[in-house]
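> Sending over model_37.pdb (PDB, C-alpha atoms, pLDDT in the B column).
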ATOM      1  CA  MET A 155      11.954 -17.342-230.314  1.00 95.00           C
ATOM      2  CA  ASN A 156      14.981 -17.545-228.043  1.00 95.00           C
ATOM      3  CA  ILE A 157      15.650 -15.427-224.949  1.00 95.00           C
ATOM      4  CA  GLY A 158      17.623 -12.792-226.861  1.00 96.00           C
ATOM      5  CA  GLU A 159      14.796 -12.299-229.326  1.00 97.00           C
ATOM      6  CA  ALA A 160      12.276 -12.241-226.480  1.00 97.00           C
ATOM      7  CA  ALA A 161      14.324  -9.594-224.688  1.00 97.00           C
ATOM      8  CA  LYS A 162      14.452  -7.435-227.790  1.00 97.00           C
ATOM      9  CA  ALA A 163      10.739  -7.888-228.569  1.00 97.00           C
ATOM     10  CA  SER A 164       9.605  -7.195-225.004  1.00 97.00           C
ATOM     11  CA  GLY A 165      12.096  -4.551-223.887  1.00 97.00           C
ATOM     12  CA  ILE A 166      12.961  -6.694-220.849  1.00 97.00           C
ATOM     13  CA  SER A 167      16.568  -7.750-220.255  1.00 97.00           C
ATOM     14  CA  ARG A 168      17.598 -11.392-220.451  1.00 97.00           C
ATOM     15  CA  LYS A 169      18.536 -11.287-216.779  1.00 97.00           C
ATOM     16  CA  MET A 170      15.073 -10.045-215.787  1.00 97.00           C
ATOM     17  CA  ILE A 171      13.363 -12.589-218.042  1.00 97.00           C
ATOM     18  CA  ARG A 172      15.277 -15.353-216.269  1.00 96.00           C
ATOM     19  CA  TYR A 173      14.336 -13.838-212.908  1.00 97.00           C
ATOM     20  CA  TYR A 174      10.648 -13.626-213.855  1.00 97.00           C
ATOM     21  CA  GLU A 175      10.796 -17.264-214.854  1.00 96.00           C
ATOM     22  CA  GLU A 176      12.542 -18.173-211.588  1.00 96.00           C
ATOM     23  CA  ILE A 177       9.767 -16.551-209.528  1.00 96.00           C
ATOM     24  CA  ALA A 178       7.059 -18.127-211.705  1.00 94.00           C
ATOM     25  CA  LEU A 179       5.734 -14.988-213.398  1.00 96.00           C
ATOM     26  CA  LEU A 180       6.543 -16.559-216.735  1.00 95.00           C
ATOM     27  CA  GLN A 181       6.749 -20.170-217.863  1.00 94.00           C
ATOM     28  CA  PRO A 182       8.163 -20.409-221.374  1.00 94.00           C
ATOM     29  CA  GLY A 183       8.263 -23.643-223.259  1.00 93.00           C
ATOM     30  CA  ARG A 184      11.433 -25.683-223.516  1.00 92.00           C
ATOM     31  CA  THR A 185      13.029 -27.523-226.387  1.00 91.00           C
ATOM     32  CA  ALA A 186      14.084 -31.155-226.026  1.00 92.00           C
ATOM     33  CA  ASN A 187      17.575 -29.994-225.079  1.00 92.00           C
ATOM     34  CA  GLY A 188      16.262 -27.556-222.435  1.00 89.00           C
ATOM     35  CA  TYR A 189      16.507 -24.224-224.239  1.00 91.00           C
ATOM     36  CA  ARG A 190      13.775 -21.708-223.500  1.00 92.00           C
ATOM     37  CA  VAL A 191      11.310 -21.008-226.302  1.00 96.00           C
ATOM     38  CA  TYR A 192       9.164 -17.900-226.120  1.00 97.00           C
ATOM     39  CA  ALA A 193       5.812 -17.677-227.872  1.00 96.00           C
ATOM     40  CA  ARG A 194       3.918 -14.520-228.822  1.00 97.00           C
ATOM     41  CA  GLN A 195       1.849 -14.801-225.603  1.00 96.00           C
ATOM     42  CA  ASP A 196       5.062 -14.871-223.542  1.00 97.00           C
ATOM     43  CA  ILE A 197       6.070 -11.555-225.133  1.00 97.00           C
ATOM     44  CA  HIS A 198       2.663 -10.074-224.232  1.00 97.00           C
ATOM     45  CA  THR A 199       3.150 -11.346-220.690  1.00 97.00           C
ATOM     46  CA  LEU A 200       6.627  -9.813-220.486  1.00 98.00           C
ATOM     47  CA  ARG A 201       5.312  -6.487-221.760  1.00 98.00           C
ATOM     48  CA  PHE A 202       2.510  -6.605-219.180  1.00 98.00           C
ATOM     49  CA  ILE A 203       5.016  -7.325-216.404  1.00 98.00           C
ATOM     50  CA  GLY A 204       7.266  -4.514-217.637  1.00 97.00           C
ATOM     51  CA  ALA A 205       4.379  -2.023-217.708  1.00 98.00           C
ATOM     52  CA  ALA A 206       3.299  -2.998-214.191  1.00 98.00           C
ATOM     53  CA  ARG A 207       6.872  -2.677-212.890  1.00 97.00           C
ATOM     54  CA  ARG A 208       7.263   0.758-214.511  1.00 97.00           C
ATOM     55  CA  LEU A 209       4.160   1.804-212.567  1.00 97.00           C
ATOM     56  CA  GLY A 210       6.005   0.724-209.433  1.00 96.00           C
ATOM     57  CA  PHE A 211       3.968  -2.334-208.553  1.00 97.00           C
ATOM     58  CA  PRO A 212       5.977  -4.688-206.329  1.00 96.00           C
ATOM     59  CA  ILE A 213       6.453  -8.269-207.512  1.00 97.00           C
ATOM     60  CA  PRO A 214       3.647  -9.753-205.352  1.00 97.00           C
ATOM     61  CA  ASP A 215       1.210  -7.224-206.832  1.00 97.00           C
ATOM     62  CA  VAL A 216       2.524  -7.885-210.343  1.00 98.00           C
ATOM     63  CA  LYS A 217       1.847 -11.567-209.742  1.00 97.00           C
ATOM     64  CA  ALA A 218      -1.705 -10.759-208.610  1.00 97.00           C
ATOM     65  CA  LEU A 219      -2.273  -8.422-211.574  1.00 97.00           C
ATOM     66  CA  LEU A 220      -0.940 -11.038-213.955  1.00 97.00           C
ATOM     67  CA  PHE A 221      -3.334 -13.602-212.522  1.00 96.00           C
ATOM     68  CA  LEU A 222      -6.235 -11.140-212.851  1.00 97.00           C
ATOM     69  CA  TRP A 223      -5.203 -10.230-216.407  1.00 96.00           C
ATOM     70  CA  GLN A 224      -5.228 -13.874-217.395  1.00 94.00           C
ATOM     71  CA  ASP A 225      -8.589 -14.529-215.698  1.00 95.00           C
ATOM     72  CA  SER A 226     -11.392 -13.530-218.058  1.00 92.00           C
ATOM     73  CA  SER A 227     -13.903 -13.851-215.209  1.00 95.00           C
ATOM     74  CA  ARG A 228     -11.987 -11.381-213.019  1.00 94.00           C
ATOM     75  CA  SER A 229     -13.731  -8.606-211.173  1.00 94.00           C
ATOM     76  CA  SER A 230     -12.524  -5.114-211.982  1.00 95.00           C
ATOM     77  CA  ALA A 231     -13.115  -4.376-208.291  1.00 97.00           C
ATOM     78  CA  ASP A 232     -10.176  -6.668-207.477  1.00 96.00           C
ATOM     79  CA  VAL A 233      -7.937  -4.791-209.896  1.00 96.00           C
ATOM     80  CA  LYS A 234      -9.087  -1.432-208.534  1.00 97.00           C
ATOM     81  CA  ARG A 235      -8.541  -2.533-204.919  1.00 97.00           C
ATOM     82  CA  LEU A 236      -4.984  -3.607-205.736  1.00 97.00           C
ATOM     83  CA  THR A 237      -4.298  -0.375-207.603  1.00 97.00           C
ATOM     84  CA  ASP A 238      -5.784   1.790-204.841  1.00 98.00           C
ATOM     85  CA  GLY A 239      -3.575   0.041-202.282  1.00 97.00           C
ATOM     86  CA  HIS A 240      -0.512   0.648-204.424  1.00 97.00           C
ATOM     87  CA  THR A 241      -1.472   4.295-204.851  1.00 98.00           C
ATOM     88  CA  ARG A 242      -1.743   4.699-201.051  1.00 98.00           C
ATOM     89  CA  GLN A 243       1.717   3.156-200.642  1.00 97.00           C
ATOM     90  CA  LEU A 244       3.171   5.495-203.266  1.00 97.00           C
ATOM     91  CA  ARG A 245       1.595   8.538-201.583  1.00 98.00           C
ATOM     92  CA  ALA A 246       3.069   7.470-198.238  1.00 98.00           C
ATOM     93  CA  HIS A 247       6.470   7.050-199.874  1.00 97.00           C
ATOM     94  CA  VAL A 248       6.202  10.487-201.494  1.00 98.00           C
ATOM     95  CA  ALA A 249       5.319  12.003-198.093  1.00 98.00           C
ATOM     96  CA  GLU A 250       8.388  10.318-196.545  1.00 97.00           C
ATOM     97  CA  MET A 251      10.590  11.596-199.373  1.00 97.00           C
ATOM     98  CA  ASN A 252       9.205  15.137-199.004  1.00 97.00           C
ATOM     99  CA  ALA A 253       9.925  15.019-195.259  1.00 95.00           C
ATOM    100  CA  MET A 254      13.509  13.924-196.013  1.00 93.00           C
ATOM    101  CA  ILE A 255      13.900  16.743-198.532  1.00 95.00           C
ATOM    102  CA  GLY A 256      12.633  19.264-195.989  1.00 94.00           C
ATOM    103  CA  ALA A 257      15.005  17.979-193.308  1.00 92.00           C
ATOM    104  CA  LEU A 258      17.970  18.049-195.697  1.00 92.00           C
ATOM    105  CA  GLU A 259      17.123  21.561-196.884  1.00 94.00           C
ATOM    106  CA  THR A 260      16.940  22.729-193.272  1.00 93.00           C
ATOM    107  CA  LEU A 261      20.289  21.129-192.492  1.00 92.00           C
ATOM    108  CA  ALA A 262      21.907  22.533-195.630  1.00 93.00           C
ATOM    109  CA  GLY A 263      20.567  25.983-194.759  1.00 93.00           C
ATOM    110  CA  ALA A 264      22.229  25.757-191.334  1.00 92.00           C
ATOM    111  CA  CYS A 265      25.605  24.890-192.850  1.00 92.00           C
ATOM    112  CA  ASP A 266      27.973  27.670-193.866  1.00 90.00           C
ATOM    113  CA  GLY A 267      29.733  25.400-196.335  1.00 89.00           C
ATOM    114  CA  ASP A 268      33.101  26.936-195.611  1.00 91.00           C
ATOM    115  CA  ASP A 269      36.535  25.482-194.785  1.00 90.00           C
ATOM    116  CA  ARG A 270      35.848  25.004-191.069  1.00 89.00           C
ATOM    117  CA  PRO A 271      35.374  21.420-189.858  1.00 90.00           C
ATOM    118  CA  ASP A 272      32.273  22.188-187.789  1.00 89.00           C
ATOM    119  CA  CYS A 273      29.263  21.035-189.762  1.00 91.00           C
ATOM    120  CA  PRO A 274      25.653  21.078-188.537  1.00 89.00           C
ATOM    121  CA  ILE A 275      24.750  18.422-191.111  1.00 92.00           C
ATOM    122  CA  ILE A 276      27.293  15.937-189.722  1.00 92.00           C
ATOM    123  CA  ASN A 277      26.353  16.884-186.146  1.00 91.00           C
ATOM    124  CA  ALA A 278      22.645  16.290-186.791  1.00 90.00           C
ATOM    125  CA  ILE A 279      23.261  12.942-188.460  1.00 90.00           C
ATOM    126  CA  ALA A 280      25.612  11.863-185.642  1.00 91.00           C
ATOM    127  CA  ALA A 281      23.035  12.914-183.012  1.00 89.00           C
ATOM    128  CA  HIS A 282      20.568  10.412-184.487  1.00 80.00           C
ATOM    129  CA  ASP A 283      23.005   7.541-183.985  1.00 57.00           C
ATOM    130  CA  PRO A 284      24.073   7.366-180.310  1.00 51.00           C
ATOM    131  CA  GLY A 285      26.586   4.640-181.141  1.00 52.00           C
ATOM    132  CA  SER A 286      28.489   6.763-183.638  1.00 49.00           C
ATOM    133  CA  GLN A 287      31.872   8.276-182.930  1.00 50.00           C
ATOM    134  CA  ARG A 288      32.958  11.667-184.176  1.00 50.00           C
ATOM    135  CA  ARG A 289      35.692  11.394-186.765  1.00 48.00           C
TER     136      ARG A 289
END
Since I need it in another form, could you write the structure as structure tokens?


Amino acid sequence: MNIGEAAKASGISRKMIRYYEEIALLQPGRTANGYRVYARQDIHTLRFIGAARRLGFPIPDVKALLFLWQDSSRSSADVKRLTDGHTRQLRAHVAEMNAMIGALETLAGACDGDDRPDCPIINAIAAHDPGSQRR
């Protein structure tokens, strides 16, 4: 099948399919005139990549997972280790996001939100950047 059919069958955009090929996550066949040809296994691979990306795995981890998926002698311990590391990274990111939310809520609570130009939100942001100029 061609790239349009592969995109439809896999749920991955043409642009992303080309990108995945460029970074060697996927290696479709080629016709004599250079057109990409996608086999059923390529669609399975694209779906696997898409599922891993939706779970937030970064490209290097997707590459590792793809290698493990294709290796029938893989150790599930390797897959678990990779997944546990990703989970730790996600938890750290969630903690950072929660801290940002708390800081923004505190700042918003200190702001009257009226027509006066004085704004504790702007002042707090400006205080964190010594090189900034008040406008």

> Starting from the PyMOL selection byres ((chain A and resi 155) around 10), expand the selection into actual residues of this file and give them as a ChimeraX atom specification.

/A:156-161,163,190-194,196-197

> Grab the atom CA of A:Phe202 to atom CA of A:Leu220 distance for me, in Å with one decimal place.

7.7 Å

> When you count all atoms listed in the file, which of these residues is closest to A:Lys162: A:Pro182, A:Leu200, A:His247, A:Asp225?

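Closest residue, counting all atoms listed in the file: A:Leu200.
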
> Taking into account only C-alpha atoms, which residue in the set A:Lys234, A:His282, A:Arg172, A:His198 is nearest to A:Asp215?

A:Lys234

> Would you please work out which residue, of A:Gly204, A:Gly256, A:Pro274, A:Pro212, is nearest to A:Ile166 when using all atoms listed in the file?

A:Gly204

> Considering only C-alpha atoms, can you say which of A:Leu209, A:Val248, A:Val216, A:Ile276 comes closest to A:Val233?

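Among the listed residues, A:Val216 lies closest to A:Val233.
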
> In Å, how far is it from atom CA of A:Thr241 to atom CA of A:Ala206?

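These atoms are spaced 12.8 Å apart.
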
> So that I can check the surroundings of A:Phe221, please list as an MDAnalysis selection string every protein, DNA and RNA residue that reaches within 12 Å of it, counting all atoms listed in the file and ignoring chain neighbours fewer than 5 positions away.

chainID A and resid 178:180 199 202:203 214:216 226:229 232:233

> Which residue out of A:Leu219, A:Gly165, A:Gly263, A:Arg207 has the minimum interatomic distance to A:Thr237 when only C-alpha atoms are used?

A:Leu219

> So how far away is atom CA of A:Gln224 from atom CA of A:Gly239, in Å?

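Spanning atom CA of A:Gly239 to atom CA of A:Gln224 is a straight-line distance of 20.6 Å.
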
> Please, could all heavy atoms be added to stretch 217-228 of chain A and the result written as a short mmCIF file (atom, residue, chain, number, x, y, z; two decimals), keeping the file's coordinate frame?


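Writing the result to selection-v4.cif gives the following:
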data_model
loop_
_atom_site.label_atom_id
_atom_site.label_comp_id
_atom_site.auth_asym_id
_atom_site.auth_seq_id
_atom_site.Cartn_x
_atom_site.Cartn_y
_atom_site.Cartn_z
N LYS A 217 2.33 -10.19 -209.64
CA LYS A 217 1.85 -11.57 -209.74
C LYS A 217 0.32 -11.59 -209.67
O LYS A 217 -0.34 -12.28 -210.45
CB LYS A 217 2.46 -12.41 -208.62
CG LYS A 217 2.33 -13.89 -208.82
CD LYS A 217 3.10 -14.67 -207.75
CE LYS A 217 4.50 -14.91 -208.24
NZ LYS A 217 5.25 -15.92 -207.47
N ALA A 218 -0.24 -10.82 -208.74
CA ALA A 218 -1.70 -10.76 -208.61
C ALA A 218 -2.34 -10.14 -209.86
O ALA A 218 -3.35 -10.63 -210.36
CB ALA A 218 -2.08 -9.97 -207.36
N LEU A 219 -1.75 -9.06 -210.36
CA LEU A 219 -2.27 -8.42 -211.57
C LEU A 219 -2.20 -9.36 -212.77
O LEU A 219 -3.12 -9.42 -213.58
CB LEU A 219 -1.50 -7.14 -211.88
CG LEU A 219 -1.82 -5.93 -211.00
CD1 LEU A 219 -0.79 -4.84 -211.22
CD2 LEU A 219 -3.22 -5.43 -211.29
N LEU A 220 -1.11 -10.08 -212.86
CA LEU A 220 -0.94 -11.04 -213.96
C LEU A 220 -2.02 -12.12 -213.90
O LEU A 220 -2.63 -12.47 -214.91
CB LEU A 220 0.45 -11.65 -213.87
CG LEU A 220 0.98 -12.44 -215.04
CD1 LEU A 220 0.95 -11.62 -216.32
CD2 LEU A 220 2.40 -12.90 -214.76
N PHE A 221 -2.28 -12.60 -212.70
CA PHE A 221 -3.33 -13.60 -212.52
C PHE A 221 -4.69 -13.01 -212.94
O PHE A 221 -5.46 -13.66 -213.65
CB PHE A 221 -3.38 -14.07 -211.06
CG PHE A 221 -4.51 -15.00 -210.77
CD1 PHE A 221 -4.44 -16.34 -211.13
CD2 PHE A 221 -5.66 -14.54 -210.15
CE1 PHE A 221 -5.49 -17.20 -210.88
CE2 PHE A 221 -6.73 -15.40 -209.90
CZ PHE A 221 -6.64 -16.73 -210.26
N LEU A 222 -4.96 -11.78 -212.50
CA LEU A 222 -6.24 -11.14 -212.85
C LEU A 222 -6.33 -10.89 -214.36
O LEU A 222 -7.39 -11.08 -214.96
CB LEU A 222 -6.39 -9.83 -212.07
CG LEU A 222 -6.66 -10.00 -210.57
CD1 LEU A 222 -6.45 -8.69 -209.83
CD2 LEU A 222 -8.05 -10.55 -210.33
N TRP A 223 -5.22 -10.48 -214.96
CA TRP A 223 -5.20 -10.23 -216.41
C TRP A 223 -5.53 -11.50 -217.19
O TRP A 223 -6.23 -11.47 -218.20
CB TRP A 223 -3.84 -9.67 -216.80
CG TRP A 223 -3.61 -9.42 -218.25
CD1 TRP A 223 -4.36 -8.63 -219.08
CD2 TRP A 223 -2.54 -9.92 -219.05
NE1 TRP A 223 -3.82 -8.62 -220.34
CE2 TRP A 223 -2.70 -9.40 -220.35
CE3 TRP A 223 -1.46 -10.74 -218.79
CZ2 TRP A 223 -1.82 -9.68 -221.39
CZ3 TRP A 223 -0.57 -11.02 -219.81
CH2 TRP A 223 -0.76 -10.50 -221.10
N GLN A 224 -5.03 -12.60 -216.71
CA GLN A 224 -5.23 -13.87 -217.40
C GLN A 224 -6.58 -14.53 -217.08
O GLN A 224 -6.95 -15.49 -217.71
CB GLN A 224 -4.08 -14.83 -217.06
CG GLN A 224 -2.76 -14.34 -217.61
CD GLN A 224 -1.55 -15.09 -217.07
OE1 GLN A 224 -1.61 -15.74 -216.03
NE2 GLN A 224 -0.43 -14.98 -217.77
N ASP A 225 -7.29 -13.98 -216.10
CA ASP A 225 -8.59 -14.53 -215.70
C ASP A 225 -9.72 -13.71 -216.33
O ASP A 225 -10.02 -12.61 -215.88
CB ASP A 225 -8.70 -14.49 -214.17
CG ASP A 225 -10.01 -15.04 -213.64
OD1 ASP A 225 -10.82 -15.55 -214.44
OD2 ASP A 225 -10.22 -14.93 -212.43
N SER A 226 -10.34 -14.27 -217.35
CA SER A 226 -11.39 -13.53 -218.06
C SER A 226 -12.64 -13.33 -217.20
O SER A 226 -13.48 -12.49 -217.52
CB SER A 226 -11.75 -14.24 -219.36
OG SER A 226 -12.21 -15.55 -219.08
N SER A 227 -12.75 -14.05 -216.09
CA SER A 227 -13.90 -13.85 -215.21
C SER A 227 -13.55 -12.96 -214.01
O SER A 227 -14.29 -12.91 -213.03
CB SER A 227 -14.43 -15.21 -214.72
OG SER A 227 -13.46 -15.84 -213.91
N ARG A 228 -12.44 -12.25 -214.11
CA ARG A 228 -11.99 -11.38 -213.02
C ARG A 228 -13.02 -10.29 -212.74
O ARG A 228 -13.83 -9.95 -213.57
CB ARG A 228 -10.65 -10.73 -213.36
CG ARG A 228 -10.79 -9.68 -214.45
CD ARG A 228 -9.47 -9.05 -214.85
NE ARG A 228 -9.63 -8.37 -216.12
CZ ARG A 228 -9.36 -8.90 -217.30
NH1 ARG A 228 -8.90 -10.12 -217.37
NH2 ARG A 228 -9.55 -8.21 -218.40
#
